[in-house]
$ cat work-v1.pdb   # PDB, C-alpha atoms
ATOM      1  CA  MET I   1     -37.362  29.368  82.225
ATOM      2  CA  ASP I   2     -40.962  28.207  82.081
ATOM      3  CA  GLY I   3     -42.559  26.460  79.128
ATOM      4  CA  THR I   4     -44.174  29.571  77.624
ATOM      5  CA  ASP I   5     -40.932  31.559  77.662
ATOM      6  CA  ASP I   6     -39.120  28.606  76.129
ATOM      7  CA  LEU I   7     -41.682  28.325  73.327
ATOM      8  CA  GLU I   8     -41.496  32.060  72.646
ATOM      9  CA  ARG I   9     -37.716  31.821  72.383
ATOM     10  CA  GLN I  10     -37.961  28.839  70.033
ATOM     11  CA  ILE I  11     -40.563  30.565  67.837
ATOM     12  CA  ALA I  12     -38.362  33.662  67.548
ATOM     13  CA  SER I  13     -35.334  31.508  66.686
ATOM     14  CA  VAL I  14     -37.133  29.499  64.019
ATOM     15  CA  MET I  15     -38.592  32.683  62.505
ATOM     16  CA  ASP I  16     -34.966  33.709  61.964
ATOM     17  CA  CYS I  17     -34.600  30.437  59.999
ATOM     18  CA  ASN I  18     -32.615  28.663  62.714
ATOM     19  CA  PRO I  19     -33.715  25.023  63.168
ATOM     20  CA  LEU I  20     -34.254  23.768  66.724
ATOM     21  CA  LEU I  21     -31.815  21.378  68.318
ATOM     22  CA  GLU I  22     -32.710  17.716  67.889
ATOM     23  CA  ASP I  23     -33.659  17.224  71.542
ATOM     24  CA  GLU I  24     -35.900  20.311  71.312
ATOM     25  CA  VAL I  25     -37.692  18.774  68.319
ATOM     26  CA  VAL I  26     -38.204  15.539  70.261
ATOM     27  CA  ARG I  27     -39.813  17.424  73.168
ATOM     28  CA  LEU I  28     -41.848  19.605  70.810
ATOM     29  CA  CYS I  29     -43.329  16.597  69.036
ATOM     30  CA  GLU I  30     -44.099  14.720  72.257
ATOM     31  CA  LYS I  31     -45.879  17.725  73.800
ATOM     32  CA  THR I  32     -47.830  18.435  70.612
ATOM     33  CA  LYS I  33     -48.968  14.808  70.404
ATOM     34  CA  GLU I  34     -50.547  15.230  73.844
ATOM     35  CA  ILE I  35     -52.616  18.151  72.540
ATOM     36  CA  LEU I  36     -53.557  16.518  69.245
ATOM     37  CA  GLN I  37     -54.485  13.241  70.938
ATOM     38  CA  GLY I  38     -57.627  14.886  72.272
ATOM     39  CA  ASP I  39     -58.663  16.550  69.023
ATOM     40  CA  ALA I  40     -61.544  15.167  67.006
ATOM     41  CA  ASN I  41     -60.833  13.740  63.546
ATOM     42  CA  VAL I  42     -62.714  16.775  62.205
ATOM     43  CA  PRO I  43     -62.596  19.608  64.751
ATOM     44  CA  ASN I  44     -65.011  22.529  64.445
ATOM     45  CA  ILE I  45     -63.289  25.912  64.504
ATOM     46  CA  ALA I  46     -64.949  29.186  65.432
ATOM     47  CA  ALA I  47     -64.661  32.149  63.083
ATOM     48  CA  PRO I  48     -62.836  34.490  62.653
ATOM     49  CA  VAL I  49     -60.035  32.387  61.178
ATOM     50  CA  THR I  50     -57.572  32.626  58.300
ATOM     51  CA  VAL I  51     -57.279  29.495  56.152
ATOM     52  CA  VAL I  52     -53.949  28.460  54.574
ATOM     53  CA  GLY I  53     -53.267  25.982  51.770
ATOM     54  CA  ASP I  54     -50.058  24.183  50.771
ATOM     55  CA  ILE I  55     -46.760  25.679  52.031
ATOM     56  CA  HIS I  56     -44.263  23.038  50.831
ATOM     57  CA  GLY I  57     -41.097  24.112  52.575
ATOM     58  CA  GLN I  58     -41.098  27.685  51.224
ATOM     59  CA  PHE I  59     -40.138  29.281  54.516
ATOM     60  CA  TYR I  60     -39.622  32.894  53.470
ATOM     61  CA  ASP I  61     -42.975  32.797  51.708
ATOM     62  CA  LEU I  62     -44.511  31.517  54.961
ATOM     63  CA  LEU I  63     -43.036  34.548  56.743
ATOM     64  CA  GLU I  64     -44.518  36.737  53.988
ATOM     65  CA  LEU I  65     -47.876  35.053  54.634
ATOM     66  CA  PHE I  66     -47.659  36.013  58.315
ATOM     67  CA  ARG I  67     -46.655  39.562  57.366
ATOM     68  CA  ILE I  68     -49.783  39.861  55.234
ATOM     69  CA  GLY I  69     -52.230  37.822  57.306
ATOM     70  CA  GLY I  70     -50.987  38.715  60.795
ATOM     71  CA  ARG I  71     -49.162  36.756  63.448
ATOM     72  CA  ALA I  72     -50.748  34.255  65.823
ATOM     73  CA  PRO I  73     -52.380  34.772  68.275
ATOM     74  CA  ASP I  74     -53.621  38.075  66.812
ATOM     75  CA  THR I  75     -54.858  36.050  63.845
ATOM     76  CA  ASN I  76     -56.414  32.593  64.243
ATOM     77  CA  TYR I  77     -55.093  30.124  61.669
ATOM     78  CA  LEU I  78     -56.260  26.920  60.033
ATOM     79  CA  PHE I  79     -53.427  25.247  58.106
ATOM     80  CA  MET I  80     -54.679  22.573  55.704
ATOM     81  CA  GLY I  81     -51.469  20.531  55.434
ATOM     82  CA  ASP I  82     -48.510  20.000  53.087
ATOM     83  CA  TYR I  83     -45.971  21.864  55.194
ATOM     84  CA  VAL I  84     -43.059  19.815  53.869
ATOM     85  CA  ASP I  85     -41.384  18.611  50.642
ATOM     86  CA  ARG I  86     -40.484  20.453  47.442
ATOM     87  CA  GLY I  87     -39.090  23.666  48.981
ATOM     88  CA  TYR I  88     -35.704  24.226  50.620
ATOM     89  CA  TYR I  89     -36.940  24.719  54.188
ATOM     90  CA  SER I  90     -39.333  21.921  55.128
ATOM     91  CA  VAL I  91     -37.707  21.578  58.559
ATOM     92  CA  GLU I  92     -38.232  25.243  59.407
ATOM     93  CA  CYS I  93     -41.788  25.366  58.018
ATOM     94  CA  VAL I  94     -43.095  22.320  59.869
ATOM     95  CA  THR I  95     -41.243  23.265  63.049
ATOM     96  CA  LEU I  96     -42.801  26.735  63.039
ATOM     97  CA  VAL I  97     -46.399  25.624  62.463
ATOM     98  CA  VAL I  98     -46.070  22.918  65.133
ATOM     99  CA  LEU I  99     -44.540  25.431  67.588
ATOM    100  CA  LEU I 100     -47.470  27.782  66.936
ATOM    101  CA  LYS I 101     -49.933  24.943  67.543
ATOM    102  CA  LEU I 102     -48.276  24.088  70.852
ATOM    103  CA  ARG I 103     -48.002  27.721  71.973
ATOM    104  CA  TYR I 104     -51.547  28.714  70.889
ATOM    105  CA  PRO I 105     -53.562  25.459  70.795
ATOM    106  CA  ASN I 106     -56.923  27.266  70.706
ATOM    107  CA  ARG I 107     -55.829  29.764  68.048
ATOM    108  CA  VAL I 108     -53.978  27.518  65.593
ATOM    109  CA  THR I 109     -55.278  24.355  63.917
ATOM    110  CA  ILE I 110     -52.982  22.166  61.813
ATOM    111  CA  LEU I 111     -54.401  19.443  59.561
ATOM    112  CA  ARG I 112     -52.763  16.550  57.757
ATOM    113  CA  GLY I 113     -51.972  16.768  54.054
ATOM    114  CA  ASN I 114     -50.966  13.971  51.724
ATOM    115  CA  HIS I 115     -47.299  14.952  52.177
ATOM    116  CA  GLU I 116     -47.503  14.466  55.948
ATOM    117  CA  SER I 117     -46.613  10.804  55.479
ATOM    118  CA  ARG I 118     -43.543   8.609  55.773
ATOM    119  CA  GLN I 119     -43.678   7.297  52.234
ATOM    120  CA  ILE I 120     -44.135  10.612  50.402
ATOM    121  CA  THR I 121     -41.521  12.511  52.454
ATOM    122  CA  GLN I 122     -38.891   9.902  51.623
ATOM    123  CA  VAL I 123     -39.332  10.739  47.935
ATOM    124  CA  TYR I 124     -39.979  14.491  47.762
ATOM    125  CA  GLY I 125     -37.394  16.055  50.039
ATOM    126  CA  PHE I 126     -38.245  16.202  53.739
ATOM    127  CA  TYR I 127     -36.392  13.019  54.694
ATOM    128  CA  ASP I 128     -33.225  14.075  52.874
ATOM    129  CA  GLU I 129     -33.392  17.572  54.352
ATOM    130  CA  CYS I 130     -33.690  16.209  57.904
ATOM    131  CA  VAL I 131     -30.676  13.942  57.399
ATOM    132  CA  ARG I 132     -28.690  16.813  55.884
ATOM    133  CA  LYS I 133     -29.506  19.307  58.636
ATOM    134  CA  TYR I 134     -29.385  16.955  61.649
ATOM    135  CA  GLY I 135     -27.038  14.190  60.561
ATOM    136  CA  SER I 136     -29.590  11.404  61.057
ATOM    137  CA  ALA I 137     -33.221  10.525  60.405
ATOM    138  CA  ASN I 138     -34.285  11.012  64.041
ATOM    139  CA  VAL I 139     -35.991  14.379  63.470
ATOM    140  CA  TRP I 140     -37.788  13.004  60.404
ATOM    141  CA  LYS I 141     -39.050  10.099  62.516
ATOM    142  CA  CYS I 142     -40.263  12.449  65.280
ATOM    143  CA  PHE I 143     -42.236  14.588  62.850
ATOM    144  CA  THR I 144     -43.663  11.713  60.819
ATOM    145  CA  ASP I 145     -44.788  10.013  64.055
ATOM    146  CA  LEU I 146     -46.463  13.306  64.990
ATOM    147  CA  PHE I 147     -48.192  13.454  61.592
ATOM    148  CA  ASP I 148     -50.233  10.377  62.557
ATOM    149  CA  PHE I 149     -51.927  12.535  65.217
ATOM    150  CA  LEU I 150     -53.011  15.384  62.922
ATOM    151  CA  PRO I 151     -56.765  15.829  62.309
ATOM    152  CA  LEU I 152     -58.103  14.708  58.930
ATOM    153  CA  ALA I 153     -60.161  17.825  58.130
ATOM    154  CA  ALA I 154     -61.940  20.686  59.906
ATOM    155  CA  THR I 155     -65.173  22.631  59.791
ATOM    156  CA  ILE I 156     -65.589  26.363  60.369
ATOM    157  CA  ASP I 157     -68.659  27.189  62.446
ATOM    158  CA  LYS I 158     -70.139  24.000  60.927
ATOM    159  CA  GLN I 159     -70.713  25.955  57.711
ATOM    160  CA  LEU I 160     -67.508  25.327  55.737
ATOM    161  CA  PHE I 161     -65.779  21.965  55.236
ATOM    162  CA  CYS I 162     -61.986  22.019  55.027
ATOM    163  CA  PRO I 163     -60.091  18.864  54.011
ATOM    164  CA  HIS I 164     -56.613  18.916  52.494
ATOM    165  CA  GLY I 165     -57.668  17.105  49.325
ATOM    166  CA  GLY I 166     -61.326  16.306  48.859
ATOM    167  CA  LEU I 167     -64.203  13.906  49.313
ATOM    168  CA  SER I 168     -64.520  10.131  49.494
ATOM    169  CA  PRO I 169     -67.118   7.753  48.049
ATOM    170  CA  SER I 170     -66.934   5.983  51.434
ATOM    171  CA  LEU I 171     -67.998   9.069  53.408
ATOM    172  CA  ASP I 172     -71.348  10.837  53.188
ATOM    173  CA  THR I 173     -71.204  12.748  56.474
ATOM    174  CA  VAL I 174     -68.758  14.354  58.883
ATOM    175  CA  ALA I 175     -70.175  12.047  61.572
ATOM    176  CA  GLN I 176     -68.751   9.103  59.622
ATOM    177  CA  MET I 177     -65.370  10.839  59.454
ATOM    178  CA  GLN I 178     -65.353  11.208  63.236
ATOM    179  CA  GLN I 179     -65.499   7.421  63.571
ATOM    180  CA  LEU I 180     -62.350   6.727  61.537
ATOM    181  CA  GLU I 181     -59.143   5.449  63.172
ATOM    182  CA  ARG I 182     -56.748   8.227  62.222
ATOM    183  CA  PHE I 183     -53.667   7.397  64.320
ATOM    184  CA  GLN I 184     -51.762   5.632  61.539
ATOM    185  CA  GLU I 185     -49.783   6.224  58.377
ATOM    186  CA  ILE I 186     -51.994   7.413  55.515
ATOM    187  CA  PRO I 187     -53.288   4.201  53.881
ATOM    188  CA  HIS I 188     -52.882   3.557  50.161
ATOM    189  CA  GLU I 189     -56.663   3.510  49.726
ATOM    190  CA  GLY I 190     -59.855   4.066  51.666
ATOM    191  CA  PRO I 191     -61.553   7.079  53.246
ATOM    192  CA  ILE I 192     -58.511   8.619  54.990
ATOM    193  CA  CYS I 193     -56.496   8.358  51.790
ATOM    194  CA  ASP I 194     -59.351   9.955  49.840
ATOM    195  CA  LEU I 195     -59.579  12.984  52.179
ATOM    196  CA  MET I 196     -55.862  13.609  51.574
ATOM    197  CA  TRP I 197     -55.655  12.897  47.832
ATOM    198  CA  SER I 198     -58.974  13.505  45.987
ATOM    199  CA  ASP I 199     -59.608  16.405  43.578
ATOM    200  CA  PRO I 200     -62.693  18.130  42.168
ATOM    201  CA  ASP I 201     -63.097  17.618  38.431
ATOM    202  CA  ASP I 202     -65.269  18.728  35.539
ATOM    203  CA  ARG I 203     -67.276  15.512  35.439
ATOM    204  CA  VAL I 204     -70.324  13.778  36.908
ATOM    205  CA  GLY I 205     -69.899  11.368  39.803
ATOM    206  CA  TRP I 206     -66.632   9.725  40.807
ATOM    207  CA  GLY I 207     -63.606   9.054  38.615
ATOM    208  CA  ILE I 208     -60.190   7.442  38.799
ATOM    209  CA  SER I 209     -57.545   9.922  39.964
ATOM    210  CA  PRO I 210     -54.502  10.443  37.732
ATOM    211  CA  ARG I 211     -52.492  10.807  40.961
ATOM    212  CA  GLY I 212     -52.819   7.089  41.659
ATOM    213  CA  ALA I 213     -54.552   7.725  45.008
ATOM    214  CA  GLY I 214     -57.937   9.143  45.937
ATOM    215  CA  TYR I 215     -60.622   9.956  43.365
ATOM    216  CA  THR I 216     -61.868  12.781  41.217
ATOM    217  CA  PHE I 217     -65.378  13.983  42.027
ATOM    218  CA  GLY I 218     -67.922  15.986  40.104
ATOM    219  CA  GLN I 219     -70.147  18.925  40.923
ATOM    220  CA  ASP I 220     -73.060  16.616  41.720
ATOM    221  CA  VAL I 221     -70.944  14.954  44.427
ATOM    222  CA  SER I 222     -69.857  18.284  45.960
ATOM    223  CA  GLU I 223     -73.380  19.700  45.973
ATOM    224  CA  HIS I 224     -74.844  16.548  47.503
ATOM    225  CA  PHE I 225     -72.179  16.471  50.236
ATOM    226  CA  ASN I 226     -72.682  20.149  51.074
ATOM    227  CA  HIS I 227     -76.464  19.758  51.168
ATOM    228  CA  THR I 228     -76.338  16.607  53.305
ATOM    229  CA  ASN I 229     -74.008  18.210  55.868
ATOM    230  CA  GLY I 230     -75.353  21.763  55.821
ATOM    231  CA  PHE I 231     -72.184  23.332  54.374
ATOM    232  CA  GLU I 232     -72.041  26.462  52.248
ATOM    233  CA  PHE I 233     -68.973  25.246  50.365
ATOM    234  CA  ILE I 234     -65.810  23.172  50.596
ATOM    235  CA  VAL I 235     -62.395  24.826  51.073
ATOM    236  CA  ARG I 236     -59.468  22.600  50.114
ATOM    237  CA  ALA I 237     -55.817  22.833  49.077
ATOM    238  CA  HIS I 238     -53.722  20.135  47.326
ATOM    239  CA  GLN I 239     -53.657  21.573  43.798
ATOM    240  CA  LEU I 240     -51.546  24.329  42.254
ATOM    241  CA  VAL I 241     -53.823  27.143  41.032
ATOM    242  CA  MET I 242     -52.187  30.061  39.285
ATOM    243  CA  GLU I 243     -54.167  32.844  40.990
ATOM    244  CA  GLY I 244     -53.712  31.334  44.476
ATOM    245  CA  TYR I 245     -57.392  30.395  44.704
ATOM    246  CA  ASN I 246     -59.894  28.970  42.259
ATOM    247  CA  TRP I 247     -63.644  28.357  42.489
ATOM    248  CA  SER I 248     -65.115  25.252  40.875
ATOM    249  CA  HIS I 249     -68.383  23.304  40.801
ATOM    250  CA  GLU I 250     -70.366  26.570  40.587
ATOM    251  CA  ASN I 251     -68.920  27.818  43.889
ATOM    252  CA  ALA I 252     -69.436  24.547  45.749
ATOM    253  CA  VAL I 253     -65.640  24.147  46.074
ATOM    254  CA  VAL I 254     -62.728  26.556  46.330
ATOM    255  CA  THR I 255     -59.087  25.480  46.025
ATOM    256  CA  LEU I 256     -56.546  27.461  48.059
ATOM    257  CA  PHE I 257     -52.791  27.305  47.396
ATOM    258  CA  SER I 258     -50.390  29.238  49.614
ATOM    259  CA  ALA I 259     -46.965  28.548  48.054
ATOM    260  CA  PRO I 260     -46.188  31.392  45.593
ATOM    261  CA  ASN I 261     -43.952  30.590  42.622
ATOM    262  CA  TYR I 262     -44.291  26.925  43.593
ATOM    263  CA  CYS I 263     -41.060  24.940  43.368
ATOM    264  CA  TYR I 264     -39.406  28.334  42.727
ATOM    265  CA  ARG I 265     -40.420  28.045  39.068
ATOM    266  CA  CYS I 266     -44.205  27.893  38.492
ATOM    267  CA  GLY I 267     -44.879  31.635  38.495
ATOM    268  CA  ASN I 268     -48.162  31.344  40.412
ATOM    269  CA  GLN I 269     -49.566  33.709  42.999
ATOM    270  CA  ALA I 270     -50.508  32.368  46.428
ATOM    271  CA  ALA I 271     -53.562  33.142  48.535
ATOM    272  CA  ILE I 272     -55.046  32.862  52.001
ATOM    273  CA  MET I 273     -58.742  33.048  52.864
ATOM    274  CA  GLU I 274     -59.945  35.216  55.725
ATOM    275  CA  VAL I 275     -63.267  34.262  57.338
ATOM    276  CA  ASP I 276     -64.684  36.976  59.585
ATOM    277  CA  GLU I 277     -66.966  36.524  62.585
ATOM    278  CA  HIS I 278     -70.022  36.861  60.298
ATOM    279  CA  MET I 279     -68.690  34.080  58.027
ATOM    280  CA  HIS I 280     -67.933  36.521  55.228
ATOM    281  CA  THR I 281     -64.877  35.384  53.255
ATOM    282  CA  LYS I 282     -62.092  37.389  51.619
ATOM    283  CA  PHE I 283     -59.172  36.098  49.584
ATOM    284  CA  ILE I 284     -55.801  37.808  49.878
ATOM    285  CA  GLN I 285     -53.315  37.050  47.120
ATOM    286  CA  PHE I 286     -49.581  37.437  47.548
ATOM    287  CA  ASP I 287     -46.384  37.054  45.581
ATOM    288  CA  PRO I 288     -43.108  35.410  46.649
ATOM    289  CA  ALA I 289     -40.966  37.008  49.312
ATOM    290  CA  PRO I 290     -37.682  38.486  48.044
ATOM    291  CA  ARG I 291     -35.601  35.460  47.100
ATOM    292  CA  ARG I 292     -33.302  34.165  49.812
ATOM    293  CA  GLY I 293     -31.546  30.845  49.840
ATOM    294  CA  GLY I 294     -31.595  28.829  46.660
ATOM    295  CA  PRO I 295     -29.240  26.495  44.907
ATOM    296  CA  ASN I 296     -26.073  28.186  46.206
ATOM    297  CA  SER I 297     -27.089  28.756  49.822
ATOM    298  CA  LYS I 298     -25.646  26.624  52.584
ATOM    299  CA  GLU I 299     -27.154  23.220  53.304
ATOM    300  CA  VAL I 300     -29.217  23.224  50.098
ATOM    301  CA  THR I 301     -28.777  20.686  47.339
ATOM    302  CA  VAL I 302     -31.037  21.191  44.341
ATOM    303  CA  SER I 303     -31.767  18.818  41.502
ATOM    304  CA  ARG I 304     -32.052  20.499  38.118
ATOM    305  CA  GLN I 305     -34.335  17.716  36.986
ATOM    306  CA  ALA I 306     -37.991  18.651  36.682
ATOM    307  CA  PRO I 307     -40.120  16.716  39.200
ATOM    308  CA  ASP I 308     -42.348  14.031  37.739
ATOM    309  CA  TYR I 309     -45.072  14.478  40.342
ATOM    310  CA  PHE I 310     -45.896  18.132  39.940
ATOM    311  CA  LEU I 311     -49.375  18.548  41.418
TER     312      LEU I 311
END
$ encode --input "work-v1.pdb" --output "structure tokens"
Amino acid sequence: MDGTDDLERQIASVMDCNPLLEDEVVRLCEKTKEILQGDANVPNIAAPVTVVGDIHGQFYDLLELFRIGGRAPDTNYLFMGDYVDRGYYSVECVTLVVLLKLRYPNRVTILRGNHESRQITQVYGFYDECVRKYGSANVWKCFTDLFDFLPLAATIDKQLFCPHGGLSPSLDTVAQMQQLERFQEIPHEGPICDLMWSDPDDRVGWGISPRGAGYTFGQDVSEHFNHTNGFEFIVRAHQLVMEGYNWSHENAVVTLFSAPNYCYRCGNQAAIMEVDEHMHTKFIQFDPAPRRGGPNSKEVTVSRQAPDYFL
């Protein structure tokens, strides 16, 4: 069986919510690192493309997203990070998006979110899920090593800027972002941290983030960044928005969130953003898939305690 047939088989298996074997995950991560190694810190993607926000381990909602948005390679995808933590199926979600990247490297782009880190995944679910499903932390280590290779942001036809989180006071241009050393754990502070963690805010200038990492930034910052770099607007994820997408800063920024009924309790819609070949954008909202899994399904242990970090 050649590599393409093997990948097709693995994709079909994971889409049935069957995790790969551990040795298959090891090979998957090693092969995907080879592809990502050559990617720029901020790759430019050609339209048409469909942009996806946070997924957070909600596997059946990810399948619903593909049902609505189309399957790769028929649809090109840009995933803006946060594949893991919170939901019941982080292993399946991250495995599927990485498989799609390896199978269709020119059709699928996967970025790093703030949850694609060793420290965060040890607190919010992915580490524990890997140990529960595989019996050790080896799969968690393979994926978190791979996360160091993910690009920091993307542009679409050099007209839209797409980070997971937001902007940084250390970075005025995409050219500066291309010079960063990205092959490392997300630092606690600095420009890489800011791209993962920052949020737009109703303010002027820069502010201290209540998250404890990154910054908040005002409309003046967004407009200056877009003007300096020739962008129409910024597309980012990272924040729960009840309608699935939300414009701010007088349409200089749009937040996209793709996990419906986040944490299986928030009651929000999700959305994806389609960008056509003429750079026209359309938002498609969707509701949760019919509930499968949950507290009583196999291999799932759920805390009834409300999470403290809920953004």
$ atom_distance --input "work-v1.pdb" --atom1 "atom CA of I:Asn138" --atom2 "atom CA of I:Arg118"
12.6 Å
$ resolve_selection --input "work-v1.pdb" --expression "the PyMOL selection byres ((chain I and resi 275-282) around 7)" --output "PDB file with C-alpha atoms, in the coordinates of the input"
ATOM      1  CA  ALA I  47     -64.661  32.149  63.083  1.00  0.00           C
ATOM      2  CA  PRO I  48     -62.836  34.490  62.653  1.00  0.00           C
ATOM      3  CA  VAL I  49     -60.035  32.387  61.178  1.00  0.00           C
ATOM      4  CA  THR I  50     -57.572  32.626  58.300  1.00  0.00           C
ATOM      5  CA  MET I 273     -58.742  33.048  52.864  1.00  0.00           C
ATOM      6  CA  GLU I 274     -59.945  35.216  55.725  1.00  0.00           C
ATOM      7  CA  PHE I 283     -59.172  36.098  49.584  1.00  0.00           C
ATOM      8  CA  ILE I 284     -55.801  37.808  49.878  1.00  0.00           C
TER       9      ILE I 284
END
$ residues_near_point --input "work-v1.pdb" --point "(-63.4, 19.1, 59.7)" --cutoff "6 Å" --atoms "all atoms listed in the file" --output "list in words"
Val42, Pro43, Ala153, Ala154, Thr155, Phe161 and Cys162 of chain I
$ resolve_selection --input "work-v1.pdb" --expression "the PyMOL selection byres ((chain I and resi 265-272) around 9)" --output "number ranges by chain"
I: 50-53, 65, 69, 240-245, 256-264, 273-274, 282-288
$ atom_distance --input "work-v1.pdb" --atom1 "atom CA of I:Ile55" --atom2 "atom CA of I:Leu171"
27.0 Å
$ closest_residue --input "work-v1.pdb" --among "I:Gln37, I:Thr95, I:Gln58, I:Asn106" --to "I:Tyr77" --atoms "all atoms listed in the file"
I:Asn106
$ resolve_selection --input "work-v1.pdb" --expression "the PyMOL selection byres ((chain I and resi 150) around 6)" --output "list in words"
Leu111, Arg112, Phe147, Asp148, Phe149 and Pro151 of chain I
$ write_last_selection --input "work-v1.pdb" --atoms "C-alpha atoms" --output "PDB file, keeping the file's coordinate frame"
ATOM      1  CA  LEU I 111     -54.401  19.443  59.561  1.00  0.00           C
ATOM      2  CA  ARG I 112     -52.763  16.550  57.757  1.00  0.00           C
ATOM      3  CA  PHE I 147     -48.192  13.454  61.592  1.00  0.00           C
ATOM      4  CA  ASP I 148     -50.233  10.377  62.557  1.00  0.00           C
ATOM      5  CA  PHE I 149     -51.927  12.535  65.217  1.00  0.00           C
ATOM      6  CA  PRO I 151     -56.765  15.829  62.309  1.00  0.00           C
TER       7      PRO I 151
END
$ residues_around --input "work-v1.pdb" --residues "I:Leu102" --least-positions-apart "4" --cutoff "8 Å" --atoms "all atoms listed in the file" --output "ChimeraX atom specification"
/I:28,31-32,35,98
$ atom_distance --input "work-v1.pdb" --atom1 "atom CA of I:Cys142" --atom2 "atom CA of I:Arg27"
9.3 Å
$ axis_aligned_box --input "work-v1.pdb" --around "stretch 89-97 of chain I" --padding-each-side "3 Å" --output "AutoDock Vina command-line options"
--center_x -41.7 --center_y 24.2 --center_z 58.6 --size_x 15.5 --size_y 11.2 --size_z 14.9
$ closest_residue --input "work-v1.pdb" --among "I:Ser13, I:Thr4, I:Gln219, I:Thr255" --to "I:Arg236" --atoms "all atoms listed in the file"
I:Thr255
$ residues_around --input "work-v1.pdb" --residues "stretch 202-216 of chain I" --least-positions-apart "5" --cutoff "10 Å" --atoms "only C-alpha atoms" --output "list of chain:residue names"
I:Asn114, I:Gly165, I:Gly166, I:Leu167, I:Ser168, I:Pro169, I:Pro187, I:His188, I:Glu189, I:Gly190, I:Pro191, I:Ile192, I:Cys193, I:Asp194, I:Leu195, I:Met196, I:Trp197, I:Val221, I:Ser222, I:Ser248, I:His249, I:Tyr309, I:Phe310, I:Leu311
$ closest_residue --input "work-v1.pdb" --among "I:Val94, I:Val26, I:Leu152, I:Leu99" --to "I:Glu8" --atoms "all atoms listed in the file"
I:Leu99
$ residues_around --input "work-v1.pdb" --residues "I:Lys141" --least-positions-apart "5" --cutoff "12 Å" --atoms "all atoms listed in the file" --output "list in words"
Glu22, Val25, Val26, Cys29, Glu30, Glu116, Ser117, Arg118, Gln119, Thr121, Gln122, Phe126, Tyr127, Asp128, Cys130, Val131, Tyr134, Ser136, Leu146, Phe147 and Asp148 of chain I
